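S.K.: Sharing model29.txt (compact mmCIF, C-alpha atoms) below.
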```
# COMPACT_ATOMS: atom_id res chain seq x y z
CA MET H 1 11.20 -1.03 14.66
CA ILE H 2 8.02 -3.06 15.10
CA VAL H 3 7.56 -4.71 18.48
CA PHE H 4 4.93 -7.32 19.31
CA SER H 5 4.69 -7.70 23.10
CA SER H 6 2.74 -10.52 24.75
CA LEU H 7 0.32 -10.39 21.85
CA GLN H 8 -2.92 -12.33 22.07
CA ILE H 9 -5.45 -12.61 19.26
CA ARG H 10 -8.61 -14.70 19.33
CA ARG H 11 -11.28 -15.26 16.73
CA GLY H 12 -14.31 -16.55 18.54
CA THR H 13 -13.11 -19.32 20.83
CA ARG H 14 -10.06 -20.02 18.69
CA VAL H 15 -6.72 -18.64 19.91
CA LEU H 16 -4.59 -17.51 16.96
CA LEU H 17 -1.74 -15.93 18.94
CA ASP H 18 -1.04 -16.41 22.63
CA ASN H 19 1.64 -14.37 24.39
CA ALA H 20 3.52 -13.82 21.10
CA THR H 21 6.56 -11.57 21.26
CA ALA H 22 8.75 -10.48 18.36
CA THR H 23 10.82 -7.57 17.12
CA ILE H 24 11.28 -6.57 13.49
CA ASN H 25 14.11 -4.14 12.86
CA PRO H 26 14.26 -1.56 10.07
CA GLY H 27 15.45 -3.04 6.80
CA GLN H 28 14.45 -6.60 7.66
CA LYS H 29 12.28 -8.55 5.26
CA VAL H 30 9.95 -10.86 7.12
CA GLY H 31 7.63 -13.57 5.87
CA LEU H 32 4.80 -15.15 7.83
CA VAL H 33 4.42 -18.81 6.97
CA GLY H 34 1.65 -21.07 8.15
CA LYS H 35 -1.42 -23.00 7.16
CA ASN H 36 -4.68 -21.31 6.24
CA GLY H 37 -6.51 -19.86 9.21
CA CYS H 38 -3.51 -19.60 11.52
CA GLY H 39 -3.66 -15.79 11.74
CA LYS H 40 -1.26 -14.42 9.12
CA SER H 41 -3.82 -12.09 7.52
CA THR H 42 -5.19 -11.22 10.96
CA LEU H 43 -1.74 -10.05 12.04
CA LEU H 44 -1.49 -7.84 8.95
CA ALA H 45 -4.95 -6.41 9.69
CA LEU H 46 -3.71 -5.61 13.20
CA LEU H 47 -0.74 -3.70 11.75
CA LYS H 48 -3.07 -1.76 9.43
CA GLY H 49 -5.25 -0.78 12.39
CA GLU H 50 -8.28 -2.70 11.10
CA LEU H 51 -8.63 -4.65 14.35
CA SER H 52 -7.32 -4.66 17.90
CA ALA H 53 -5.44 -7.29 19.84
CA ASP H 54 -7.19 -9.15 22.64
CA GLY H 55 -4.09 -8.75 24.78
CA GLY H 56 -0.60 -7.30 24.62
CA ASN H 57 0.31 -4.64 22.12
CA VAL H 58 2.01 -3.75 18.86
CA THR H 59 4.17 -0.66 18.57
CA PHE H 60 5.89 0.99 15.64
CA PRO H 61 6.82 4.60 14.89
CA ASN H 62 3.78 6.89 14.57
CA ASN H 63 5.27 8.64 11.56
CA TRP H 64 5.64 5.45 9.51
CA ALA H 65 3.69 5.31 6.27
CA LEU H 66 2.11 1.92 5.61
CA ALA H 67 1.24 0.49 2.22
CA TRP H 68 -0.57 -2.72 1.41
CA VAL H 69 -2.13 -4.52 -1.50
CA ASN H 70 -5.92 -4.36 -1.38
CA GLN H 71 -7.61 -7.70 -1.96
CA GLU H 72 -10.56 -6.12 -3.80
CA THR H 73 -10.60 -3.65 -6.69
CA PRO H 74 -13.72 -1.58 -7.34
CA ALA H 75 -15.00 -1.48 -10.94
CA LEU H 76 -14.08 2.14 -11.52
CA ASP H 77 -14.26 4.21 -14.69
CA ILE H 78 -10.97 6.00 -14.02
CA PRO H 79 -7.89 5.11 -16.10
CA ALA H 80 -5.55 2.45 -14.73
CA ILE H 81 -2.69 4.91 -14.30
CA GLU H 82 -4.86 7.29 -12.24
CA TYR H 83 -5.94 4.37 -10.03
CA VAL H 84 -2.29 3.56 -9.39
CA ILE H 85 -1.45 7.21 -8.65
CA ASP H 86 -4.24 7.18 -6.04
CA GLY H 87 -1.90 4.93 -4.04
CA ASP H 88 0.34 7.93 -3.38
CA ARG H 89 -1.97 9.38 -0.76
CA GLU H 90 0.39 12.24 0.11
CA TYR H 91 0.51 13.34 -3.53
CA ARG H 92 -3.30 13.23 -3.86
CA GLN H 93 -3.68 15.22 -0.61
CA LEU H 94 -1.27 17.89 -1.84
CA GLU H 95 -3.04 17.95 -5.21
CA ALA H 96 -6.32 18.71 -3.40
CA GLU H 97 -4.64 21.39 -1.25
CA LEU H 98 -3.22 23.02 -4.38
CA GLN H 99 -6.63 23.08 -6.03
CA ALA H 100 -8.17 24.69 -2.94
CA ALA H 101 -5.37 27.27 -2.76
CA ASN H 102 -5.82 28.08 -6.45
CA GLU H 103 -9.59 28.49 -6.01
CA LYS H 104 -8.94 30.97 -3.17
CA ASN H 105 -6.18 32.64 -5.19
CA ASP H 106 -3.95 32.29 -2.10
CA GLY H 107 -0.42 32.86 -3.40
CA HIS H 108 1.25 31.98 -0.11
CA ALA H 109 -0.61 28.66 0.17
CA ILE H 110 0.09 27.89 -3.50
CA ALA H 111 3.82 28.44 -2.95
CA THR H 112 3.80 26.32 0.21
CA VAL H 113 2.07 23.42 -1.54
CA HIS H 114 4.43 23.66 -4.51
CA GLY H 115 7.33 23.39 -2.05
CA LYS H 116 5.81 20.24 -0.57
CA LEU H 117 5.15 18.79 -4.03
CA ASP H 118 8.77 19.49 -4.94
CA ALA H 119 9.97 17.76 -1.76
CA ILE H 120 8.18 14.52 -2.71
CA HIS H 121 9.30 14.73 -6.37
CA ALA H 122 5.70 15.00 -7.52
CA TRP H 123 6.78 15.66 -11.09
CA THR H 124 7.85 11.99 -11.31
CA ILE H 125 4.49 10.48 -10.33
CA GLN H 126 3.28 9.77 -13.88
CA SER H 127 6.55 8.12 -14.91
CA ARG H 128 6.81 6.14 -11.65
CA ALA H 129 3.27 4.82 -12.06
CA ALA H 130 3.81 4.00 -15.75
CA SER H 131 7.09 2.23 -14.96
CA LEU H 132 5.41 0.10 -12.30
CA LEU H 133 2.57 -0.81 -14.65
CA HIS H 134 4.95 -1.67 -17.49
CA GLY H 135 6.96 -3.86 -15.09
CA LEU H 136 3.76 -5.70 -14.22
CA GLY H 137 2.97 -6.41 -17.88
CA PHE H 138 0.70 -3.51 -18.86
CA SER H 139 1.18 -2.11 -22.36
CA GLN H 140 1.26 1.65 -22.92
CA GLU H 141 -2.28 1.52 -24.38
CA LYS H 142 -3.68 -0.20 -21.28
CA LEU H 143 -2.57 2.63 -18.98
CA GLN H 144 -5.55 4.74 -20.07
CA GLN H 145 -8.13 1.93 -19.99
CA PRO H 146 -10.72 2.11 -17.21
CA VAL H 147 -10.10 -0.10 -14.19
CA ARG H 148 -13.47 -1.84 -14.74
CA SER H 149 -12.25 -3.19 -18.11
CA PHE H 150 -9.61 -5.44 -16.52
CA SER H 151 -10.06 -9.02 -15.31
CA GLY H 152 -9.51 -9.99 -11.67
CA GLY H 153 -5.87 -10.96 -12.18
CA TRP H 154 -5.03 -7.68 -13.90
CA ARG H 155 -6.89 -5.76 -11.19
CA MET H 156 -4.69 -7.45 -8.58
CA ARG H 157 -1.68 -6.16 -10.51
CA LEU H 158 -3.21 -2.68 -10.38
CA ASN H 159 -3.52 -3.05 -6.61
CA LEU H 160 0.13 -4.12 -6.36
CA ALA H 161 1.24 -1.11 -8.43
CA GLN H 162 -0.92 1.15 -6.25
CA ALA H 163 0.83 -0.14 -3.11
CA LEU H 164 4.29 0.16 -4.67
CA VAL H 165 3.81 3.75 -5.86
CA CYS H 166 3.21 4.80 -2.25
CA ARG H 167 6.33 5.99 -0.43
CA SER H 168 6.10 3.66 2.55
CA ASP H 169 8.17 2.57 5.50
CA LEU H 170 6.32 -0.75 5.69
CA LEU H 171 4.86 -2.68 2.76
CA LEU H 172 2.42 -5.46 3.67
CA LEU H 173 1.85 -8.21 1.10
CA ASP H 174 -0.81 -10.79 1.90
CA GLU H 175 -0.45 -14.04 -0.07
CA PRO H 176 2.62 -12.82 -2.01
CA THR H 177 3.46 -16.23 -3.44
CA THR H 178 0.23 -16.74 -5.35
CA TRP H 179 0.45 -16.83 -9.13
CA ILE H 180 -0.07 -13.11 -9.54
CA TRP H 181 3.11 -12.25 -7.64
CA MET H 182 5.43 -14.82 -9.18
CA PRO H 183 6.27 -13.09 -12.51
CA SER H 184 6.66 -9.69 -10.89
CA SER H 185 8.59 -10.64 -7.75
CA GLY H 186 11.86 -10.90 -9.66
CA TRP H 187 11.16 -7.61 -11.43
CA LYS H 188 10.48 -5.77 -8.14
CA ASN H 189 13.67 -7.09 -6.55
CA GLY H 190 15.69 -5.86 -9.54
```
Please go through the file and, once you have read it, give me the structure as structure tokens.
M.R.:
Amino acid sequence: MIVFSSLQIRRGTRVLLDNATATINPGQKVGLVGKNGCGKSTLLALLKGELSADGGNVTFPNNWALAWVNQETPALDIPAIEYVIDGDREYRQLEAELQAANEKNDGHAIATVHGKLDAIHAWTIQSRAASLLHGLGFSQEKLQQPVRSFSGGWRMRLNLAQALVCRSDLLLLDEPTTWIWMPSSGWKNG
């Protein structure tokens, strides 16, 4: 559950939220609607821990994994599918731990990491990422193209796939009704 209690957020002299209180229960889908500059993106930044409230507080379970769609995409040389897989931070962390355990030839650590990889179904990561990319309009050939080769609109789709591949308890979508989300919103909802 997410609880906003007596929340106050200011930007300069402008008050965006004043004594705002709300509760969002697990399983609820919530949309923030308002004109530009009213604080929607600021509230999402607060949830991500990128800024602090001027008053009141926000609470949600410490063990919740958050995912969000980045607004910028660096011009990277890595393949699109690897960029998307980077969104599964737990998988990438375990991958690094496995490499370190292998370098030390630590059989116990290797077995432990393999157990953790098994628990998160790591063997499905390539197919999950490919499925997301195909659902967002990427052809099989484009999965191996470098991120830098895509236009801004296609890079936003990469960012969406990166957020969706992450096992999260809370998915934050900023500006989800813009043109980039329209074709894929029906696909995501099944």
S.K.: For each of H:Ser131, H:Gly87, H:Ala122, H:Val58, take the minimum atom-to-atom distance to Asn70 in chain H, counting only C-alpha atoms, then give the residue where this is smallest.
M.R.: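 Checking each candidate against Asn70 in chain H, we get H:Gly87 as the closest.
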S.K.: One number please: CA of Tyr83 in chain H to CA of Glu95 in chain H, in Å, one decimal.
M.R.: 14.7 Å
S.K.: Report, in Å to a single decimal, how far apart CA of Leu158 in chain H and CA of Met1 in chain H are.
M.R.: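 CA of Met1 in chain H sits 28.9 Å away from CA of Leu158 in chain H.
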S.K.: Using all atoms listed in the file, which protein or nucleic acid residues come within 12 Å of Trp154 in chain H? Drop anything in the same chain fewer than 4 positions from it, and give the result as a list in words.
M.R.: Glu72, Thr73, Ala80, Leu133, Leu136, Gly137, Phe138, Ser139, Lys142, Leu143, Gln145, Pro146, Val147, Arg148, Ser149, Phe150, Leu158, Asn159, Leu160, Ala161, Trp179, Ile180 and Trp181 of chain H
S.K.: Could you jot down the CA of Ser127 in chain H to CA of Leu164 in chain H separation for me, Å, one decimal place?
M.R.: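 Between CA of Ser127 in chain H and CA of Leu164 in chain H the gap works out to 13.2 Å.
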S.K.: Between H:Leu132, H:Cys38, H:Ile120, H:Leu47, which one has atoms that come closest to Thr59 in chain H, using only C-alpha atoms?
M.R.: H:Leu47
S.K.: Need the axis-aligned box for range 66-83 of chain H with 5 Å each side, so what are the centre and edges in Å to one decimal, as lines of an AutoDock Vina configuration file?
M.R.:
```
center_x = -6.4
center_y = -0.2
center_z = -5.2
size_x = 27.1
size_y = 25.0
size_z = 31.7
```
S.K.: Quick one: of H:Ser168, H:Leu51, H:Pro79, H:Asn57, who's nearest to Val3 in chain H, counting only C-alpha atoms?
M.R.: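 Of H:Ser168, H:Leu51, H:Pro79, H:Asn57, the one nearest Val3 in chain H is H:Asn57, counting only C-alpha atoms.
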S.K.: Find the residue from H:Ile9, H:Gln162, H:Glu103, H:Ile2 that sits nearest to Gln28 in chain H; use only C-alpha atoms when measuring.
M.R.: H:Ile2
S.K.: Tell me, as a list in words, which residues lie within 10 Å of Leu117 in chain H, counting all atoms listed in the file; anything in the same chain fewer than 6 positions away does not count.
M.R.: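 Returned residues: Glu90, Tyr91, Leu94, Glu95, Leu98, Ala111 and Trp123 of chain H.
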S.K.: Those same residues - C-alpha atoms - I'd like them written as a short mmCIF file (atom, residue, chain, number, x, y, z; two decimals), in the coordinates of the input.
M.R.:
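The resulting file, part38.cif, is reproduced below:
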```cif
data_model
loop_
_atom_site.label_atom_id
_atom_site.label_comp_id
_atom_site.auth_asym_id
_atom_site.auth_seq_id
_atom_site.Cartn_x
_atom_site.Cartn_y
_atom_site.Cartn_z
CA GLU H 90 0.39 12.24 0.11
CA TYR H 91 0.51 13.34 -3.53
CA LEU H 94 -1.27 17.89 -1.84
CA GLU H 95 -3.04 17.95 -5.21
CA LEU H 98 -3.22 23.02 -4.38
CA ALA H 111 3.82 28.44 -2.95
CA TRP H 123 6.78 15.66 -11.09
#
```
